[in-house]
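Undergrad: Below: one structure in structure tokens.
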Amino acid sequence: MTRLADMSLEELRALERELEREFSLQQGNRLSLDLTRGKPAPDQLELSAGLETAINGNYKASDGTDTRNYGGLRGIPEARSLGAEILDVSAEQVICWGNSSLGLMYLCAELAMNSGLWGDERRWRNHPAPKILTPVPGYDRHFTLSANLGLEMVNVPMDDAGPDMASIEALVRDDASIKGIWCVPKFSNPTGCSYSDERVTALARLPSLAAADDFVVFWDNAYAVHDFEFPRAPLAAIGALAEKAGTSDHVLQFASTSKITLASGGIAFLAGSEPVLRVIEQRLNVSSVGPDKVNQLRHARFLHQRLEAHMAEHARLLKPKFDLVQRVLTEELAELDIATWTVPGGGYFVSLDTRPGLAKKVGELAKSTGLSLTPAGATYPHGRDPNDSNLRIAPSFATLPDLMTAMEVFVLCLKLASARAEIATKSTHRSST
Ligand code: PLP
């Protein structure tokens, strides 16, 4: 195979005909395949069957709390310890609340916006047009959440080691309307990259450089323990670094067991400094008389001293799917040189960049065969990818045979869209020369 760019117009047309033939065959197969969201597969959910028997009639938490009753706004001690293990902080810095870290992120961002996180007069809404930094490509729900609160999003580029700190520092230094940044520091959604020690250190320091005195780093560590190989790859501890930098009141960390045990049936954690936790606790107290501590207890017992072993079981099921994705992409695309993609060591996604202007077309072609992809653009605020090139592949939910078919269809659509674009370019070039 040659690079697509090196093919003659005649070779390209022959390739297009061959791809179109294959494409019609796939359309005739009436497929129904879905690579849209990073959901755990049924066999992964089965790994947590032991949750059912973890209580076994004993509802008492380690501090004697009867978990069946009201109260305990910060969560029971053993659940907070589990959150501390995941987030690499101490248990006193953790609130265990609800089933969704995204819900906690919303709670904190909304508080920062309207009531303040520090028990004083600081509120983002004091500024007429508050903004938040969005490293891209990123997680679509961070964007939806920000847009919903009326935050303007300012994109910053990412590379393999995390967001580009030089542009971030330049932005926050001079602009007091920039109030925070979204970070997914390990196996980022969608690139799968993990932040280097230098970037974590720089992000911990960031609130002290920011012109805004109410700047918040939202550290969404959704994939903190979701490695494919063990022992886990380390991530610098932003909590400790923030303490050193004197920015602890401006760094909020989040995680959950959504992709450890049950997606939407797990428990969620946030970590922050004591003064900020107090403000958050007061807010929680307005809307609830206590979290579901029975769920906390069964999770803490089920995962006690076996978190890594449990995650290794997930990896055993997930890694072959990610290997398959890499195999198909490499075999089918590498020589043509029509896309670049990431090779994550964990997490739930692979991020692929087509040539500019083709991501939407690939999505449309895939849809017409019955393959659903995360909509092109979803990895950018407001669904607007300026290059129309980024696509997120979420291989976790499909079975291996379905994933194989889905990836075959995916690369077929990508090749077809790329061949057509190259033909268009070369035809224009030929007619103008
Ligand atoms: N954060 C990131 C980066 C995610 O990818 C996801 C789910 O895909 C979540 C948060 C959602 O987490 P939760 O289920 O705890 O709300």
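Naming works like this for the structure tokens: A, B, ... for the chains as they're shown, residue 1 at the start of each chain, ligands 1 onward in shown order.
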Quick one: residues within 7 Å of Asp34 of chain A, only C-alpha atoms counted, chain neighbours fewer than 3 positions away excluded, as a ChimeraX atom specification?

TA: /A:371-373

Undergrad: Using only C-alpha atoms and all ligand atoms, what are the residues with an atom within 6 Å of ligand 1, set out as a list in words?

TA: Gly38, Ser100, Ser101, Leu102, Tyr139, Val184, Asn189, Asp220, Ala222, Ser256, Ser258, Ala263, Ser264 and Ala268 of chain A

Undergrad: For atom CA of Arg173 of chain A and atom CA of Tyr106 of chain A, determine how far apart the two atoms are, in Å to one decimal place.

TA: 25.4 Å

Undergrad: In Å, how far is it from atom CA of Leu241 of chain A to atom CA of Pro185 of chain A?

TA: 14.1 Å

Undergrad: At most 12 Å is the cut-off: for each residue in segment 179-261 of chain A with any atom that close to an atom of segment 381-396 of chain A, write down the nearest atom pair and the distance in Å rounded to one decimal, counting only C-alpha atoms, chain first then increasing number, as CSV.

TA:
residue,atom,partner,partner_atom,distance
A:Trp182,CA,A:Pro381,CA,12.0
A:Ser188,CA,A:Arg392,CA,11.6
A:Asn189,CA,A:Arg392,CA,8.7
A:Pro190,CA,A:Arg392,CA,6.1
A:Thr191,CA,A:Arg392,CA,8.1
A:Gly192,CA,A:Arg392,CA,10.4
A:Lys259,CA,A:Ser396,CA,10.7

Undergrad: Now that the selection is made, can you save its residues with all heavy atoms as a PDB file, in the first residue's frame?

TA:
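The result, written out as out30.pdb:
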ATOM      1  N   TRP A 182     -10.936  22.832  33.353  1.00  0.00           N
ATOM      2  CA  TRP A 182     -11.322  21.417  33.453  1.00  0.00           C
ATOM      3  C   TRP A 182     -10.097  20.563  33.151  1.00  0.00           C
ATOM      4  O   TRP A 182      -9.426  20.800  32.141  1.00  0.00           O
ATOM      5  CB  TRP A 182     -12.391  21.062  32.423  1.00  0.00           C
ATOM      6  CG  TRP A 182     -13.738  21.628  32.726  1.00  0.00           C
ATOM      7  CD1 TRP A 182     -14.381  22.611  32.052  1.00  0.00           C
ATOM      8  CD2 TRP A 182     -14.619  21.201  33.765  1.00  0.00           C
ATOM      9  NE1 TRP A 182     -15.603  22.848  32.623  1.00  0.00           N
ATOM     10  CE2 TRP A 182     -15.783  21.994  33.670  1.00  0.00           C
ATOM     11  CE3 TRP A 182     -14.545  20.237  34.773  1.00  0.00           C
ATOM     12  CZ2 TRP A 182     -16.857  21.850  34.533  1.00  0.00           C
ATOM     13  CZ3 TRP A 182     -15.625  20.097  35.637  1.00  0.00           C
ATOM     14  CH2 TRP A 182     -16.756  20.893  35.517  1.00  0.00           C
ATOM     15  N   SER A 188      -7.058  10.621  29.891  1.00  0.00           N
ATOM     16  CA  SER A 188      -8.004  11.696  29.605  1.00  0.00           C
ATOM     17  C   SER A 188      -9.081  11.259  28.602  1.00  0.00           C
ATOM     18  O   SER A 188      -8.812  10.443  27.730  1.00  0.00           O
ATOM     19  CB  SER A 188      -7.200  12.860  29.005  1.00  0.00           C
ATOM     20  OG  SER A 188      -7.885  14.048  29.156  1.00  0.00           O
ATOM     21  N   ASN A 189     -10.262  11.833  28.763  1.00  0.00           N
ATOM     22  CA  ASN A 189     -11.361  11.607  27.816  1.00  0.00           C
ATOM     23  C   ASN A 189     -11.308  12.746  26.796  1.00  0.00           C
ATOM     24  O   ASN A 189     -11.491  13.891  27.182  1.00  0.00           O
ATOM     25  CB  ASN A 189     -12.673  11.609  28.619  1.00  0.00           C
ATOM     26  CG  ASN A 189     -13.892  11.409  27.756  1.00  0.00           C
ATOM     27  OD1 ASN A 189     -13.813  11.433  26.533  1.00  0.00           O
ATOM     28  ND2 ASN A 189     -15.036  11.233  28.394  1.00  0.00           N
ATOM     29  N   PRO A 190     -11.011  12.540  25.518  1.00  0.00           N
ATOM     30  CA  PRO A 190     -10.944  11.251  24.824  1.00  0.00           C
ATOM     31  C   PRO A 190      -9.531  10.793  24.468  1.00  0.00           C
ATOM     32  O   PRO A 190      -9.391   9.713  23.918  1.00  0.00           O
ATOM     33  CB  PRO A 190     -11.672  11.580  23.524  1.00  0.00           C
ATOM     34  CG  PRO A 190     -11.210  12.973  23.192  1.00  0.00           C
ATOM     35  CD  PRO A 190     -11.057  13.659  24.527  1.00  0.00           C
ATOM     36  N   THR A 191      -8.464  11.561  24.760  1.00  0.00           N
ATOM     37  CA  THR A 191      -7.172  11.201  24.163  1.00  0.00           C
ATOM     38  C   THR A 191      -6.482  10.041  24.871  1.00  0.00           C
ATOM     39  O   THR A 191      -5.605   9.408  24.295  1.00  0.00           O
ATOM     40  CB  THR A 191      -6.180  12.393  24.190  1.00  0.00           C
ATOM     41  OG1 THR A 191      -5.850  12.672  25.544  1.00  0.00           O
ATOM     42  CG2 THR A 191      -6.763  13.628  23.537  1.00  0.00           C
ATOM     43  N   GLY A 192      -6.858   9.793  26.134  1.00  0.00           N
ATOM     44  CA  GLY A 192      -6.184   8.741  26.883  1.00  0.00           C
ATOM     45  C   GLY A 192      -4.834   9.177  27.416  1.00  0.00           C
ATOM     46  O   GLY A 192      -4.127   8.384  28.046  1.00  0.00           O
ATOM     47  N   LYS A 259     -17.051   3.406  36.887  1.00  0.00           N
ATOM     48  CA  LYS A 259     -16.407   2.423  36.003  1.00  0.00           C
ATOM     49  C   LYS A 259     -15.479   1.505  36.793  1.00  0.00           C
ATOM     50  O   LYS A 259     -14.514   0.974  36.285  1.00  0.00           O
ATOM     51  CB  LYS A 259     -15.688   3.151  34.876  1.00  0.00           C
ATOM     52  CG  LYS A 259     -16.706   3.666  33.871  1.00  0.00           C
ATOM     53  CD  LYS A 259     -16.181   4.682  32.936  1.00  0.00           C
ATOM     54  CE  LYS A 259     -17.334   5.247  32.111  1.00  0.00           C
ATOM     55  NZ  LYS A 259     -16.920   6.397  31.333  1.00  0.00           N
TER      56      LYS A 259
END

Undergrad: Considering only C-alpha atoms, can you say which of A:Pro207, A:Gly370, A:Pro77, A:Gly138 comes closest to Thr65 of chain A?

TA: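 Under the stated criterion, the closest residue is A:Pro77.
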
Undergrad: Between A:Lys415, A:Leu303, A:Cys193, A:Val409, single out the one closest to Thr342 of chain A, counting only C-alpha atoms.

TA: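 Using only C-alpha atoms, the shortest distance to Thr342 of chain A belongs to A:Cys193.
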
Undergrad: Within segment 293-430 of chain A, find each residue whose DSSP state, derived from the backbone, is alpha helix (DSSP H), and express the selection as a PyMOL selection string.

TA: chain A and resi 293-303+307-333+359-369+400-430

Undergrad: From a DSSP pass on the backbone, collect the residues of segment 193-344 of chain A flagged as strand (DSSP E) and hand them back as JSON, numbers by chain.

TA: {"A": [216, 217, 218, 219, 220, 251, 252, 253, 254, 255, 256, 268, 269, 270, 271, 339, 340, 341]}

Undergrad: Show me, as a Markdown table, the residues of segment 367-425 of chain A having an atom within 9 Å of segment 328-335 of chain A, each with the closest atom pair and its distance in Å, using only C-alpha atoms.

TA:
| residue | atom | partner | partner_atom | distance |
| --- | --- | --- | --- | --- |
| A:Met404 | CA | A:Val328 | CA | 8.2 |
| A:Met407 | CA | A:Val328 | CA | 6.8 |
| A:Glu408 | CA | A:Val328 | CA | 7.3 |
| A:Val411 | CA | A:Glu332 | CA | 6.8 |
| A:Leu412 | CA | A:Glu332 | CA | 8.6 |
| A:Leu414 | CA | A:Leu333 | CA | 8.8 |
| A:Lys415 | CA | A:Leu333 | CA | 7.8 |

Undergrad: Grab the atom CA of Pro40 of chain A to atom CA of Asp227 of chain A distance for me, in Å with one decimal place.

TA: 14.3 Å

Undergrad: I'd like a table as CSV: residues in segment 326-413 of chain A with an atom no more than 10 Å from segment 15-24 of chain A, each row giving the shortest atom pair and its distance in Å to one decimal, only C-alpha atoms counted, sorted by chain and rising residue number.

TA:
residue,atom,partner,partner_atom,distance
A:Leu365,CA,A:Phe23,CA,8.9
A:Ala366,CA,A:Phe23,CA,9.5
A:Ser368,CA,A:Phe23,CA,9.7
A:Thr369,CA,A:Phe23,CA,7.9
A:Val409,CA,A:Phe23,CA,8.0
A:Leu412,CA,A:Leu19,CA,6.9
A:Cys413,CA,A:Phe23,CA,7.6

Undergrad: With only C-alpha atoms as the atoms that count, which of A:Glu243, A:Asp160, A:Glu169, A:Glu152 lies nearest to Val89 of chain A?

TA: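 For Val89 of chain A, the nearest of the given residues is A:Glu243.
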
Undergrad: Neighbouring residues of segment 79-87 of chain A were defined as those with any atom within 8 Å, considering only C-alpha atoms; residues of the same chain fewer than 4 positions away were excluded. Please report them as a VMD selection string.

TA: chain A and resid 74 to 75 91 to 96 221 224 to 225 253 to 256 268 to 271 296 to 297 299 to 300 303 to 304

Undergrad: Tell me which protein, DNA and RNA residues are within 12 Å of Ala166 of chain A, counting only C-alpha atoms, leaving out same-chain ones fewer than 6 positions away, and put them as number ranges by chain.

TA: A: 156-158, 172-173, 199, 202-203, 206
